[in-house]
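K.L.:
Got a structure for you, written out below as structure tokens; questions coming shortly.
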Amino acid sequence: MGKIIQHIGVIEKIEHSIVHVRIVQQSACGGCHANAFCPASNSSEKIIEIEDRSGNFSLNEQVSVGLRQSQGLTAVLIVFVVPLALVVLVLKVAGIISGGNEIVAGLAGLSTLIPYCGIIWLMRNKLKKKFVFTLSKITYT
């Protein structure tokens, strides 16, 4: 099946069969004892929507959110690698076509992100089905 990436989160809201879980993503230095004083450390909160029809979860409950590692790599590809490759490709082509005009090439390269984001937005429901998060209770022994 593959390795599972897991994060600990807290259930913020439950609407019908959708559970909203708040997770805190920390940078690699999140475990460092000096991270409270370090400007390089950061963390951000994310809300993950997970479909759950079991009814086994309650508000403010601490849970584990999981995603297969292969799905995480696919997400990185969609969000970072493909847009970067598109920008670089269009930047080069626009630079050649414009005769080396850097402003035109730069604007053309960055403007490719607008339709790309639009395509991702239009495909959001299909992507939601592809990236399936699992929700499980945390058991303390």
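Numbering starts fresh at 1 for the residues of each chain in the structure tokens, the chains themselves are lettered A, B, ... in the order given, and ligands are numbered from 1 as they appear.
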DSSP on the backbone, then: every residue of chain A marked strand (DSSP E), written as a PyMOL selection string.

P.N.:
chain A and resi 4-15+18-26+43-51+62-68+134-137

K.L.:
Can you pull out the residues contacting A:Ile8? Cut-off 10 Å, using only C-alpha atoms, and skip same-chain residues under 4 positions away; I want them as a PDB file with N, CA and C atoms, in the first residue's frame.

P.N.:
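Once written, selection27.pdb looks like this:
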```pdb
ATOM      1  N   VAL A  21     -10.551  19.433  10.175  1.00  0.00           N
ATOM      2  CA  VAL A  21      -9.478  19.199  11.138  1.00  0.00           C
ATOM      3  C   VAL A  21      -8.398  20.264  10.960  1.00  0.00           C
ATOM      4  N   ARG A  22      -8.025  20.900  12.063  1.00  0.00           N
ATOM      5  CA  ARG A  22      -6.936  21.899  12.036  1.00  0.00           C
ATOM      6  C   ARG A  22      -5.639  21.200  12.388  1.00  0.00           C
ATOM      7  N   ILE A  23      -4.685  21.316  11.470  1.00  0.00           N
ATOM      8  CA  ILE A  23      -3.354  20.777  11.739  1.00  0.00           C
ATOM      9  C   ILE A  23      -2.361  21.921  11.704  1.00  0.00           C
ATOM     10  N   VAL A  24      -1.272  21.767  12.444  1.00  0.00           N
ATOM     11  CA  VAL A  24      -0.211  22.761  12.461  1.00  0.00           C
ATOM     12  C   VAL A  24       0.981  22.159  11.735  1.00  0.00           C
ATOM     13  N   GLN A  25       1.352  22.780  10.613  1.00  0.00           N
ATOM     14  CA  GLN A  25       2.528  22.341   9.881  1.00  0.00           C
ATOM     15  C   GLN A  25       3.706  23.142  10.373  1.00  0.00           C
ATOM     16  N   GLN A  62      -8.661  15.293  19.502  1.00  0.00           N
ATOM     17  CA  GLN A  62      -7.365  15.199  18.839  1.00  0.00           C
ATOM     18  C   GLN A  62      -7.350  13.916  18.009  1.00  0.00           C
ATOM     19  N   VAL A  63      -7.017  14.066  16.709  1.00  0.00           N
ATOM     20  CA  VAL A  63      -7.049  12.938  15.787  1.00  0.00           C
ATOM     21  C   VAL A  63      -5.775  12.904  14.946  1.00  0.00           C
ATOM     22  N   SER A  64      -5.613  11.810  14.226  1.00  0.00           N
ATOM     23  CA  SER A  64      -4.500  11.668  13.306  1.00  0.00           C
ATOM     24  C   SER A  64      -5.041  11.733  11.877  1.00  0.00           C
ATOM     25  N   VAL A  65      -4.426  12.584  11.054  1.00  0.00           N
ATOM     26  CA  VAL A  65      -4.806  12.734   9.659  1.00  0.00           C
ATOM     27  C   VAL A  65      -3.701  12.104   8.821  1.00  0.00           C
ATOM     28  N   GLY A  66      -4.075  11.211   7.924  1.00  0.00           N
ATOM     29  CA  GLY A  66      -3.082  10.508   7.127  1.00  0.00           C
ATOM     30  C   GLY A  66      -3.304  10.677   5.635  1.00  0.00           C
ATOM     31  N   LEU A 135      -8.786   9.544   8.499  1.00  0.00           N
ATOM     32  CA  LEU A 135      -8.951  10.117   9.829  1.00  0.00           C
ATOM     33  C   LEU A 135      -9.010   8.965  10.826  1.00  0.00           C
ATOM     34  N   SER A 136      -8.204   9.062  11.882  1.00  0.00           N
ATOM     35  CA  SER A 136      -8.227   7.992  12.883  1.00  0.00           C
ATOM     36  C   SER A 136      -8.052   8.579  14.279  1.00  0.00           C
ATOM     37  N   LYS A 137      -8.607   7.859  15.228  1.00  0.00           N
ATOM     38  CA  LYS A 137      -8.483   8.274  16.625  1.00  0.00           C
ATOM     39  C   LYS A 137      -7.071   8.010  17.110  1.00  0.00           C
ATOM     40  N   ILE A 138      -6.641   8.823  18.040  1.00  0.00           N
ATOM     41  CA  ILE A 138      -5.337   8.625  18.659  1.00  0.00           C
ATOM     42  C   ILE A 138      -5.543   7.841  19.933  1.00  0.00           C
TER      43      ILE A 138
END
```

K.L.:
Which of these residues is nearest to A:Leu59, using only C-alpha atoms: A:Ala75, A:Val19, A:Val88, A:Ala94?

P.N.:
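Residue with the minimum atom-to-atom distance to A:Leu59: A:Val19.
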
K.L.:
Taking only C-alpha atoms into account, produce a table as CSV in which each residue of stretch 30-108 of chain A with an atom at most 12 Å from an atom of stretch 123-129 of chain A appears once, together with its shortest atom pair and the distance in Å to one decimal, ordered by chain and rising number.

P.N.:
```
residue,atom,partner,partner_atom,distance
A:Ile48,CA,A:Lys128,CA,11.0
A:Glu49,CA,A:Lys128,CA,9.6
A:Ile50,CA,A:Lys128,CA,9.7
A:Glu51,CA,A:Lys128,CA,10.4
A:Gln71,CA,A:Leu127,CA,10.6
A:Thr74,CA,A:Leu127,CA,10.6
A:Ala75,CA,A:Leu127,CA,9.4
A:Ile78,CA,A:Leu127,CA,10.3
A:Val79,CA,A:Leu127,CA,11.8
```

K.L.:
Identify all residues of stretch 46-106 of chain A in alpha helix (DSSP H) (DSSP on the backbone) and supply them as a PyMOL selection string.

P.N.:
chain A and resi 69-76+82-97+102-106

K.L.:
Take the residues from that selection and put them in a file with N, CA, C and O atoms, as an mmCIF file, in the first residue's frame.

P.N.:
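Result file is selection.cif:
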```
data_model
loop_
_atom_site.group_PDB
_atom_site.id
_atom_site.type_symbol
_atom_site.label_atom_id
_atom_site.label_comp_id
_atom_site.auth_asym_id
_atom_site.auth_seq_id
_atom_site.Cartn_x
_atom_site.Cartn_y
_atom_site.Cartn_z
ATOM 1 N N GLN A 69 2.032 8.526 1.016
ATOM 2 C CA GLN A 69 3.198 9.287 0.589
ATOM 3 C C GLN A 69 3.182 9.526 -0.914
ATOM 4 O O GLN A 69 3.548 10.607 -1.379
ATOM 5 N N SER A 70 2.731 8.564 -1.692
ATOM 6 C CA SER A 70 2.674 8.739 -3.142
ATOM 7 C C SER A 70 1.723 9.864 -3.526
ATOM 8 O O SER A 70 1.972 10.603 -4.480
ATOM 9 N N GLN A 71 0.646 10.029 -2.775
ATOM 10 C CA GLN A 71 -0.276 11.130 -3.033
ATOM 11 C C GLN A 71 0.372 12.467 -2.681
ATOM 12 O O GLN A 71 0.158 13.466 -3.359
ATOM 13 N N GLY A 72 1.174 12.482 -1.630
ATOM 14 C CA GLY A 72 1.894 13.700 -1.254
ATOM 15 C C GLY A 72 2.884 14.110 -2.325
ATOM 16 O O GLY A 72 3.013 15.289 -2.654
ATOM 17 N N LEU A 73 3.578 13.126 -2.906
ATOM 18 C CA LEU A 73 4.526 13.427 -3.978
ATOM 19 C C LEU A 73 3.803 13.939 -5.219
ATOM 20 O O LEU A 73 4.293 14.853 -5.892
ATOM 21 N N THR A 74 2.641 13.385 -5.509
ATOM 22 C CA THR A 74 1.840 13.867 -6.639
ATOM 23 C C THR A 74 1.403 15.305 -6.397
ATOM 24 O O THR A 74 1.426 16.130 -7.320
ATOM 25 N N ALA A 75 1.026 15.627 -5.171
ATOM 26 C CA ALA A 75 0.619 16.992 -4.840
ATOM 27 C C ALA A 75 1.773 17.970 -5.030
ATOM 28 O O ALA A 75 1.587 19.062 -5.569
ATOM 29 N N VAL A 76 2.974 17.574 -4.618
ATOM 30 C CA VAL A 76 4.151 18.430 -4.806
ATOM 31 C C VAL A 76 4.405 18.655 -6.289
ATOM 32 O O VAL A 76 4.713 19.766 -6.722
ATOM 33 N N VAL A 82 5.353 21.324 -11.800
ATOM 34 C CA VAL A 82 4.742 21.668 -13.091
ATOM 35 C C VAL A 82 4.668 23.183 -13.302
ATOM 36 O O VAL A 82 5.064 23.671 -14.369
ATOM 37 N N PRO A 83 4.201 23.972 -12.332
ATOM 38 C CA PRO A 83 4.166 25.423 -12.570
ATOM 39 C C PRO A 83 5.560 26.021 -12.799
ATOM 40 O O PRO A 83 5.726 26.895 -13.653
ATOM 41 N N LEU A 84 6.554 25.544 -12.048
ATOM 42 C CA LEU A 84 7.907 26.048 -12.238
ATOM 43 C C LEU A 84 8.408 25.725 -13.644
ATOM 44 O O LEU A 84 8.985 26.581 -14.321
ATOM 45 N N ALA A 85 8.169 24.499 -14.089
ATOM 46 C CA ALA A 85 8.598 24.102 -15.434
ATOM 47 C C ALA A 85 7.891 24.951 -16.498
ATOM 48 O O ALA A 85 8.518 25.381 -17.473
ATOM 49 N N LEU A 86 6.598 25.214 -16.307
ATOM 50 C CA LEU A 86 5.860 26.056 -17.261
ATOM 51 C C LEU A 86 6.421 27.469 -17.314
ATOM 52 O O LEU A 86 6.605 28.036 -18.398
ATOM 53 N N VAL A 87 6.686 28.055 -16.156
ATOM 54 C CA VAL A 87 7.216 29.421 -16.105
ATOM 55 C C VAL A 87 8.569 29.487 -16.799
ATOM 56 O O VAL A 87 8.823 30.384 -17.608
ATOM 57 N N VAL A 88 9.444 28.536 -16.521
ATOM 58 C CA VAL A 88 10.780 28.539 -17.132
ATOM 59 C C VAL A 88 10.676 28.351 -18.640
ATOM 60 O O VAL A 88 11.346 29.051 -19.414
ATOM 61 N N LEU A 89 9.827 27.443 -19.083
ATOM 62 C CA LEU A 89 9.658 27.201 -20.514
ATOM 63 C C LEU A 89 9.136 28.440 -21.235
ATOM 64 O O LEU A 89 9.701 28.865 -22.248
ATOM 65 N N VAL A 90 8.083 29.035 -20.703
ATOM 66 C CA VAL A 90 7.511 30.232 -21.328
ATOM 67 C C VAL A 90 8.488 31.395 -21.249
ATOM 68 O O VAL A 90 8.598 32.194 -22.186
ATOM 69 N N LEU A 91 9.234 31.496 -20.165
ATOM 70 C CA LEU A 91 10.244 32.549 -20.016
ATOM 71 C C LEU A 91 11.286 32.450 -21.125
ATOM 72 O O LEU A 91 11.630 33.450 -21.765
ATOM 73 N N LYS A 92 11.760 31.246 -21.390
ATOM 74 C CA LYS A 92 12.757 31.044 -22.443
ATOM 75 C C LYS A 92 12.176 31.353 -23.823
ATOM 76 O O LYS A 92 12.780 32.070 -24.618
ATOM 77 N N VAL A 93 11.001 30.800 -24.116
ATOM 78 C CA VAL A 93 10.384 31.007 -25.430
ATOM 79 C C VAL A 93 10.049 32.479 -25.646
ATOM 80 O O VAL A 93 10.328 33.045 -26.718
ATOM 81 N N ALA A 94 9.468 33.123 -24.638
ATOM 82 C CA ALA A 94 9.117 34.544 -24.763
ATOM 83 C C ALA A 94 10.376 35.396 -24.886
ATOM 84 O O ALA A 94 10.369 36.412 -25.592
ATOM 85 N N GLY A 95 11.450 35.001 -24.225
ATOM 86 C CA GLY A 95 12.711 35.729 -24.357
ATOM 87 C C GLY A 95 13.251 35.658 -25.769
ATOM 88 O O GLY A 95 13.757 36.643 -26.305
ATOM 89 N N ILE A 96 13.143 34.489 -26.379
ATOM 90 C CA ILE A 96 13.607 34.330 -27.760
ATOM 91 C C ILE A 96 12.720 35.116 -28.717
ATOM 92 O O ILE A 96 13.210 35.847 -29.589
ATOM 93 N N ILE A 97 11.400 34.992 -28.561
ATOM 94 C CA ILE A 97 10.465 35.672 -29.457
ATOM 95 C C ILE A 97 10.569 37.188 -29.334
ATOM 96 O O ILE A 97 10.513 37.908 -30.330
ATOM 97 N N GLU A 102 13.659 41.296 -21.378
ATOM 98 C CA GLU A 102 13.475 40.591 -20.113
ATOM 99 C C GLU A 102 12.123 40.874 -19.469
ATOM 100 O O GLU A 102 11.525 40.009 -18.845
ATOM 101 N N ILE A 103 11.636 42.098 -19.625
ATOM 102 C CA ILE A 103 10.352 42.459 -19.013
ATOM 103 C C ILE A 103 9.223 41.678 -19.670
ATOM 104 O O ILE A 103 8.372 41.104 -18.996
ATOM 105 N N VAL A 104 9.233 41.635 -20.987
ATOM 106 C CA VAL A 104 8.194 40.894 -21.710
ATOM 107 C C VAL A 104 8.279 39.410 -21.368
ATOM 108 O O VAL A 104 7.267 38.759 -21.099
ATOM 109 N N ALA A 105 9.496 38.866 -21.369
ATOM 110 C CA ALA A 105 9.678 37.450 -21.055
ATOM 111 C C ALA A 105 9.230 37.148 -19.623
ATOM 112 O O ALA A 105 8.549 36.141 -19.377
ATOM 113 N N GLY A 106 9.581 37.998 -18.688
ATOM 114 C CA GLY A 106 9.193 37.799 -17.289
ATOM 115 C C GLY A 106 7.692 37.859 -17.092
ATOM 116 O O GLY A 106 7.115 37.024 -16.393
#
```

K.L.:
Nearest to A:Cys117: which of A:Phe80, A:Gly9, A:Ile47, A:Glu15 is it, counting only C-alpha atoms?

P.N.:
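Nearest to A:Cys117: A:Phe80.
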
K.L.:
A:Asp52: which residues within 9 Å, counting only C-alpha atoms, same-chain residues fewer than 4 positions away excluded, as number ranges by chain?

P.N.:
A: 16-19, 56-57, 134-135

K.L.:
Record the distance separating atom CA of A:His7 and atom CA of A:Gly118, expressed in Å with one decimal.

P.N.:
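Interatomic distance here is 28.9 Å.
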
K.L.:
Report, in Å to a single decimal, how far apart atom CA of A:Phe133 and atom CA of A:Arg68 are.

P.N.:
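Atom CA of A:Arg68 sits 8.1 Å away from atom CA of A:Phe133.
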